[in-house]
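Scroll down for the structure; my scribbles are underneath it.
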Amino acid sequence: MRLAVIGGGGFRVPLVYGALLRDSAKQRVREVVLYDVSAERLEAIGHVLRRLAAGHDDPPVVRTTTELDAALREADFVFSAVRVGGLAGRVADERVALELGLLGQETAGPGGISYGLRTVPVAVRVAERVAALAPRAWVINFTNPAGMITEAMRRVLGDRVIGICDSPIGLIRRAAAALGLDPARVSPDYVGLNHLGWLRGLVHEGEDVLPGLLADDAALRQVEEARVFGAEWVRTLGALPNEYLYYYYFTREAVAAISGRTRGETLLDQQEAFYAAVRARPGDALAEWRRARRQRDATYMAEARGAAEAGERDATDLEAGGYEGIALALMAAIARGEPATMILNVRNGSSVPGLPEDAVVEIPCAVGGAGVRPLATRPLPGRLLGLVQQVKAVEQTAIEAALTGSARLAVEAFALHPLVDSVTTARALLDGYRARIPELAAVIAG
């Protein structure tokens, strides 16, 4: 099989290639084509991949290109992982909001809307080229905000685009491990949107074991989300929230914690140092990448853990792997007919009552050779459904704003978000983002 990676010069591409190197099945990816707008970044990641492949008898062949169409031709799978505006854009996403006293974060709140506004048109153009050049390919979307981008790409590709995220599986692993259970032998009742969902049940041998976990102080302390949110609050919810819900439930604390140095600023420095080091010493590319990856992983959501005094990330979390494993399992289920149940970002249909049929939701799905089938979920209670409905309305409004170039709709998307407290502030957000992010100003021009 041939895999095209859109955003192939990105820092996390070696994780995907490493997962492919571990795949020993006969029907596997034989060729990887990396596409990126930056030839320099492609060269740096190419050095890392060559060193990862050293010692493997039959590693997937790697090609690089700065021509999108060349990457997509004859692809069986396409991974879309682009960052429009680069990390400088992410820094602006965070800083503009913080300067207005709001949460500055990549996907939650104003920053996620800004990121989506400038990314939707690019993602749709990628989808159009996939439809033209590789109509039988499956697109696996990693690009954030994942739910919004997957929903926009669905307008072109329908069910052949699937969004993935590693937050839900990480939560499930931690919950199962706290109970001494094998994560592969539990069935999660997880429902919501990307970066906005809840684990409401965890069935093992026919019994929901989540209530027992919520009642056990010692077991709860082993779950990072419970330490971040506090045992009292997760018991009040009767569920374990996705880690990103910290920004909704503890907004003041989150803003205070990141008003100094933002995640975007930290990553920008780390990655600039990595790419510079590889340019200077190509032979050390793999060692430099591993060093930078350790820093990146250890500081993930550090502001939430710090504000909640939740401690450092568990070493087993860092070793368990993330979205690259989910992507490989998804490809194997589709291409090789290896049935699996996975939490994915897919069209709702009737799976989540109270949301539009065409809304992309994050829920358990049955995956196999015939594709992806969303599974029905229990209705969300009002205290959870209302938040999901409001954020989904924001996402859908932002998609329309991005595709039409409408400043009015862009302001509406900002103003409707639960983390934005004023229409006047919404207008200031749009003005600030257009002033600092040229890619967004090009989309929302008037």
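Ordering of the structure tokens sets the chain letters (A, B, ...); residue numbers start at 1 within each chain; ligands are numbered from 1 in the order shown.
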
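Near Gly322 in chain A, within 12 Å and counting only C-alpha atoms, sit Arg12, Leu15, Val16, Gly18, Ala19, Phe142, Ile164, Cys165, Asp166, Ser167, Pro168, Ile169, Gly170, Leu171, Arg173, Asp297, Thr316, Leu328 and Ala329 of chain A; same-chain residues fewer than 6 positions away were not included.
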
Filtering to N, CA, C and O atoms, could you give me those residues as an mmCIF file, in the first residue's frame?
```
data_model
loop_
_atom_site.group_PDB
_atom_site.id
_atom_site.type_symbol
_atom_site.label_atom_id
_atom_site.label_comp_id
_atom_site.auth_asym_id
_atom_site.auth_seq_id
_atom_site.Cartn_x
_atom_site.Cartn_y
_atom_site.Cartn_z
ATOM 1 N N ARG A 12 5.983 15.256 14.208
ATOM 2 C CA ARG A 12 5.477 13.965 14.682
ATOM 3 C C ARG A 12 5.467 12.875 13.604
ATOM 4 O O ARG A 12 5.097 11.739 13.885
ATOM 5 N N LEU A 15 6.897 9.411 14.377
ATOM 6 C CA LEU A 15 6.061 8.502 15.159
ATOM 7 C C LEU A 15 5.270 7.582 14.234
ATOM 8 O O LEU A 15 5.129 6.381 14.489
ATOM 9 N N VAL A 16 4.735 8.153 13.153
ATOM 10 C CA VAL A 16 3.973 7.364 12.181
ATOM 11 C C VAL A 16 4.890 6.351 11.504
ATOM 12 O O VAL A 16 4.546 5.162 11.375
ATOM 13 N N GLY A 18 7.681 5.131 12.568
ATOM 14 C CA GLY A 18 8.078 4.116 13.531
ATOM 15 C C GLY A 18 7.006 3.048 13.697
ATOM 16 O O GLY A 18 7.310 1.852 13.806
ATOM 17 N N ALA A 19 5.737 3.463 13.701
ATOM 18 C CA ALA A 19 4.641 2.497 13.789
ATOM 19 C C ALA A 19 4.607 1.607 12.548
ATOM 20 O O ALA A 19 4.368 0.399 12.645
ATOM 21 N N PHE A 142 -5.565 14.161 11.056
ATOM 22 C CA PHE A 142 -4.951 14.492 12.335
ATOM 23 C C PHE A 142 -5.028 15.994 12.610
ATOM 24 O O PHE A 142 -4.733 16.435 13.707
ATOM 25 N N ILE A 164 -9.099 11.377 13.803
ATOM 26 C CA ILE A 164 -8.621 10.601 14.956
ATOM 27 C C ILE A 164 -7.960 11.521 15.976
ATOM 28 O O ILE A 164 -7.493 12.613 15.648
ATOM 29 N N CYS A 165 -7.951 11.044 17.212
ATOM 30 C CA CYS A 165 -7.311 11.761 18.311
ATOM 31 C C CYS A 165 -6.898 10.729 19.347
ATOM 32 O O CYS A 165 -7.569 9.697 19.509
ATOM 33 N N ASP A 166 -5.810 10.994 20.067
ATOM 34 C CA ASP A 166 -5.356 10.020 21.059
ATOM 35 C C ASP A 166 -5.823 10.341 22.477
ATOM 36 O O ASP A 166 -5.573 9.566 23.401
ATOM 37 N N SER A 167 -6.521 11.454 22.673
ATOM 38 C CA SER A 167 -6.981 11.788 24.027
ATOM 39 C C SER A 167 -7.944 10.751 24.600
ATOM 40 O O SER A 167 -7.779 10.316 25.749
ATOM 41 N N PRO A 168 -8.982 10.319 23.855
ATOM 42 C CA PRO A 168 -9.908 9.342 24.440
ATOM 43 C C PRO A 168 -9.242 8.022 24.805
ATOM 44 O O PRO A 168 -9.485 7.485 25.895
ATOM 45 N N ILE A 169 -8.400 7.475 23.928
ATOM 46 C CA ILE A 169 -7.787 6.180 24.232
ATOM 47 C C ILE A 169 -6.831 6.311 25.407
ATOM 48 O O ILE A 169 -6.697 5.393 26.226
ATOM 49 N N GLY A 170 -6.182 7.470 25.536
ATOM 50 C CA GLY A 170 -5.325 7.681 26.697
ATOM 51 C C GLY A 170 -6.121 7.658 27.993
ATOM 52 O O GLY A 170 -5.704 7.054 28.994
ATOM 53 N N LEU A 171 -7.274 8.316 27.996
ATOM 54 C CA LEU A 171 -8.157 8.325 29.161
ATOM 55 C C LEU A 171 -8.619 6.914 29.502
ATOM 56 O O LEU A 171 -8.605 6.504 30.677
ATOM 57 N N ARG A 173 -7.160 4.039 28.714
ATOM 58 C CA ARG A 173 -6.022 3.269 29.224
ATOM 59 C C ARG A 173 -5.788 3.552 30.697
ATOM 60 O O ARG A 173 -5.557 2.640 31.502
ATOM 61 N N ASP A 297 6.686 15.763 25.092
ATOM 62 C CA ASP A 297 5.750 14.903 25.798
ATOM 63 C C ASP A 297 5.652 15.267 27.275
ATOM 64 O O ASP A 297 4.568 15.277 27.858
ATOM 65 N N THR A 316 4.359 5.584 32.102
ATOM 66 C CA THR A 316 3.672 4.606 31.244
ATOM 67 C C THR A 316 2.832 5.299 30.191
ATOM 68 O O THR A 316 2.633 4.776 29.094
ATOM 69 N N LEU A 328 -2.510 3.407 12.616
ATOM 70 C CA LEU A 328 -2.109 2.118 12.067
ATOM 71 C C LEU A 328 -3.210 1.080 12.281
ATOM 72 O O LEU A 328 -3.514 0.286 11.379
ATOM 73 N N ALA A 329 -3.833 1.079 13.464
ATOM 74 C CA ALA A 329 -4.924 0.135 13.734
ATOM 75 C C ALA A 329 -6.108 0.400 12.820
ATOM 76 O O ALA A 329 -6.765 -0.537 12.343
#
```

Residues near range 87-103 of chain A, anyone? I mean within 6 Å using only C-alpha atoms, not counting same-chain ones fewer than 5 positions away, as a PDB file with N, CA, C and O atoms, in the first residue's frame.
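Just written: part_31.pdb:
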```
ATOM      1  N   GLY A 111      -8.759  30.414  20.207  1.00  0.00           N
ATOM      2  CA  GLY A 111      -7.627  29.926  19.422  1.00  0.00           C
ATOM      3  C   GLY A 111      -8.023  28.825  18.466  1.00  0.00           C
ATOM      4  O   GLY A 111      -7.533  28.762  17.330  1.00  0.00           O
ATOM      5  N   VAL A 255      -6.415  30.156  32.508  1.00  0.00           N
ATOM      6  CA  VAL A 255      -5.919  31.438  31.988  1.00  0.00           C
ATOM      7  C   VAL A 255      -4.763  31.939  32.837  1.00  0.00           C
ATOM      8  O   VAL A 255      -3.735  32.394  32.316  1.00  0.00           O
ATOM      9  N   GLY A 264       2.390  27.172  22.703  1.00  0.00           N
ATOM     10  CA  GLY A 264       2.876  27.466  21.356  1.00  0.00           C
ATOM     11  C   GLY A 264       4.276  28.048  21.368  1.00  0.00           C
ATOM     12  O   GLY A 264       5.127  27.690  20.539  1.00  0.00           O
ATOM     13  N   GLU A 265       4.533  28.952  22.299  1.00  0.00           N
ATOM     14  CA  GLU A 265       5.862  29.562  22.390  1.00  0.00           C
ATOM     15  C   GLU A 265       6.912  28.524  22.777  1.00  0.00           C
ATOM     16  O   GLU A 265       8.032  28.533  22.247  1.00  0.00           O
ATOM     17  N   LEU A 268       7.463  26.288  19.695  1.00  0.00           N
ATOM     18  CA  LEU A 268       8.172  27.014  18.646  1.00  0.00           C
ATOM     19  C   LEU A 268       9.669  27.009  18.929  1.00  0.00           C
ATOM     20  O   LEU A 268      10.483  26.724  18.035  1.00  0.00           O
TER      21      LEU A 268
END
```

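Once range 73-81 of chain A and its same-chain neighbours fewer than 4 positions away are set aside, Met1, Arg2, Leu3, Ala4, Val5, Ile6, Gly7, Asp69, Leu133, Ala134, Arg136, Ala137, Trp138, Val139, Ile140, Asn141, Phe142 and Thr143 of chain A remain within 7 Å of it when counting only C-alpha atoms.
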
Backbone-only DSSP, alpha helix (DSSP H) members of range 69-314 of chain A, as a PyMOL selection string: chain A and resi 69-72+86-99+110-133+146-157+167-178+210-215+217-220+224-229+231-237+246-249+251-258+263-280+285-298+302-307

Contacts of Glu31 in chain A within 6 Å, only C-alpha atoms, excl. fewer than 6 positions in-chain, as number ranges by chain: A: 2, 60-62

Got time to write the residues from that selection, all heavy atoms, as a PDB file, in the first residue's frame?
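That gives us result33.pdb:
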```pdb
ATOM      1  N   ARG A   2       0.326   2.318  -0.510  1.00  0.00           N
ATOM      2  CA  ARG A   2       1.027   3.604  -0.533  1.00  0.00           C
ATOM      3  C   ARG A   2       0.327   4.576   0.406  1.00  0.00           C
ATOM      4  O   ARG A   2      -0.897   4.742   0.348  1.00  0.00           O
ATOM      5  CB  ARG A   2       1.063   4.178  -1.947  1.00  0.00           C
ATOM      6  CG  ARG A   2       1.703   5.578  -2.014  1.00  0.00           C
ATOM      7  CD  ARG A   2       1.765   6.096  -3.435  1.00  0.00           C
ATOM      8  NE  ARG A   2       2.703   5.311  -4.230  1.00  0.00           N
ATOM      9  CZ  ARG A   2       2.928   5.520  -5.523  1.00  0.00           C
ATOM     10  NH1 ARG A   2       2.254   6.464  -6.168  1.00  0.00           N
ATOM     11  NH2 ARG A   2       3.798   4.775  -6.180  1.00  0.00           N
ATOM     12  N   PRO A  60       9.564   0.564   4.789  1.00  0.00           N
ATOM     13  CA  PRO A  60       8.840   1.268   3.726  1.00  0.00           C
ATOM     14  C   PRO A  60       9.731   2.302   3.052  1.00  0.00           C
ATOM     15  O   PRO A  60      10.488   3.019   3.721  1.00  0.00           O
ATOM     16  CB  PRO A  60       7.680   1.944   4.477  1.00  0.00           C
ATOM     17  CG  PRO A  60       7.509   1.142   5.722  1.00  0.00           C
ATOM     18  CD  PRO A  60       8.875   0.678   6.089  1.00  0.00           C
ATOM     19  N   VAL A  61       9.651   2.353   1.734  1.00  0.00           N
ATOM     20  CA  VAL A  61      10.394   3.351   0.965  1.00  0.00           C
ATOM     21  C   VAL A  61       9.804   4.733   1.261  1.00  0.00           C
ATOM     22  O   VAL A  61       8.593   4.892   1.374  1.00  0.00           O
ATOM     23  CB  VAL A  61      10.306   3.049  -0.536  1.00  0.00           C
ATOM     24  CG1 VAL A  61      10.938   4.153  -1.365  1.00  0.00           C
ATOM     25  CG2 VAL A  61      10.957   1.700  -0.826  1.00  0.00           C
ATOM     26  N   VAL A  62      10.669   5.728   1.397  1.00  0.00           N
ATOM     27  CA  VAL A  62      10.227   7.090   1.674  1.00  0.00           C
ATOM     28  C   VAL A  62      10.600   7.995   0.509  1.00  0.00           C
ATOM     29  O   VAL A  62      11.750   8.014   0.060  1.00  0.00           O
ATOM     30  CB  VAL A  62      10.859   7.632   2.969  1.00  0.00           C
ATOM     31  CG1 VAL A  62      10.439   9.087   3.203  1.00  0.00           C
ATOM     32  CG2 VAL A  62      10.460   6.769   4.169  1.00  0.00           C
TER      33      VAL A  62
END
```

Ser406 in chain A environment, 8 Å, only C-alpha atoms, sequence neighbours closer than 4 positions dropped, as a PyMOL selection string: chain A and resi 400-402+410+444-446

Since we have the selection now, will you write its residues out, keeping C-alpha atoms, as a compact mmCIF listing (two decimals), in the first residue's frame?
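The new file again_16.txt reads:
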```txt
# COMPACT_ATOMS: atom_id res chain seq x y z
CA GLU A 400 -19.33 28.49 6.89
CA ALA A 401 -17.34 31.62 7.69
CA ALA A 402 -14.15 30.05 6.34
CA ALA A 410 -16.59 34.69 11.93
CA ILE A 444 -11.66 36.54 6.21
CA ALA A 445 -10.76 39.61 4.21
CA GLY A 446 -13.68 41.97 4.76
```

Name all residues at most 7 Å from range 147-156 of chain A (count only C-alpha atoms; drop same-chain ones fewer than 2 positions away) and give them as a compact mmCIF listing (two decimals) with C-alpha atoms, in the first residue's frame.
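File out_29.txt, as written:
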```
# COMPACT_ATOMS: atom_id res chain seq x y z
CA GLY A 116 -10.08 26.46 12.07
CA VAL A 120 -10.71 24.82 6.63
CA ALA A 123 -8.21 21.15 4.14
CA VAL A 124 -11.06 21.36 1.64
CA ALA A 127 -9.93 16.90 -0.06
CA GLU A 128 -10.72 18.08 -3.58
CA ASN A 141 -7.31 13.48 9.53
CA THR A 143 -5.22 18.23 11.68
CA ASN A 144 -6.65 20.28 14.53
CA PRO A 145 -9.26 21.32 15.38
CA GLY A 158 -18.06 11.87 2.65
CA ASP A 159 -17.40 8.77 4.74
CA VAL A 161 -12.47 10.89 5.70
CA ILE A 162 -12.14 9.94 9.37
CA GLY A 163 -10.77 12.07 12.19
CA LEU A 193 -16.83 16.09 20.28
CA ASN A 194 -13.09 16.17 19.67
CA ASN A 345 -14.45 11.43 14.63
CA ALA A 359 -22.28 16.91 12.70
CA VAL A 360 -18.96 15.16 13.24
CA VAL A 361 -18.85 13.60 16.71
CA GLU A 395 -17.75 24.76 14.73
CA ILE A 399 -16.81 26.32 8.74
```

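If you look at CA of Glu357 in chain A and CA of Gln389 in chain A, they are 12.3 Å away from each other.
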
Picked from range 97-191 of chain A by DSSP as strand (DSSP E), as a PyMOL selection string: chain A and resi 138-141+161-163+187-191

Two-atom distance - CA of Phe414 in chain A, CA of Arg427 in chain A (Å): 8.0 Å

Polymer residues at most 6 Å from range 237-243 of chain A, only C-alpha atoms, same-chain spacing of 6 or more positions, as a list in words: Gly197, Trp198, Leu199, Arg200 and Glu225 of chain A

Residue nearest Gln271 in chain A - candidates A:Asn348, A:Gln295, A:Thr251, A:Ser187, atoms counted: only C-alpha atoms: A:Gln295

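Pairwise distance (CA of Arg118 in chain A, CA of Gln396 in chain A) equals 14.2 Å.
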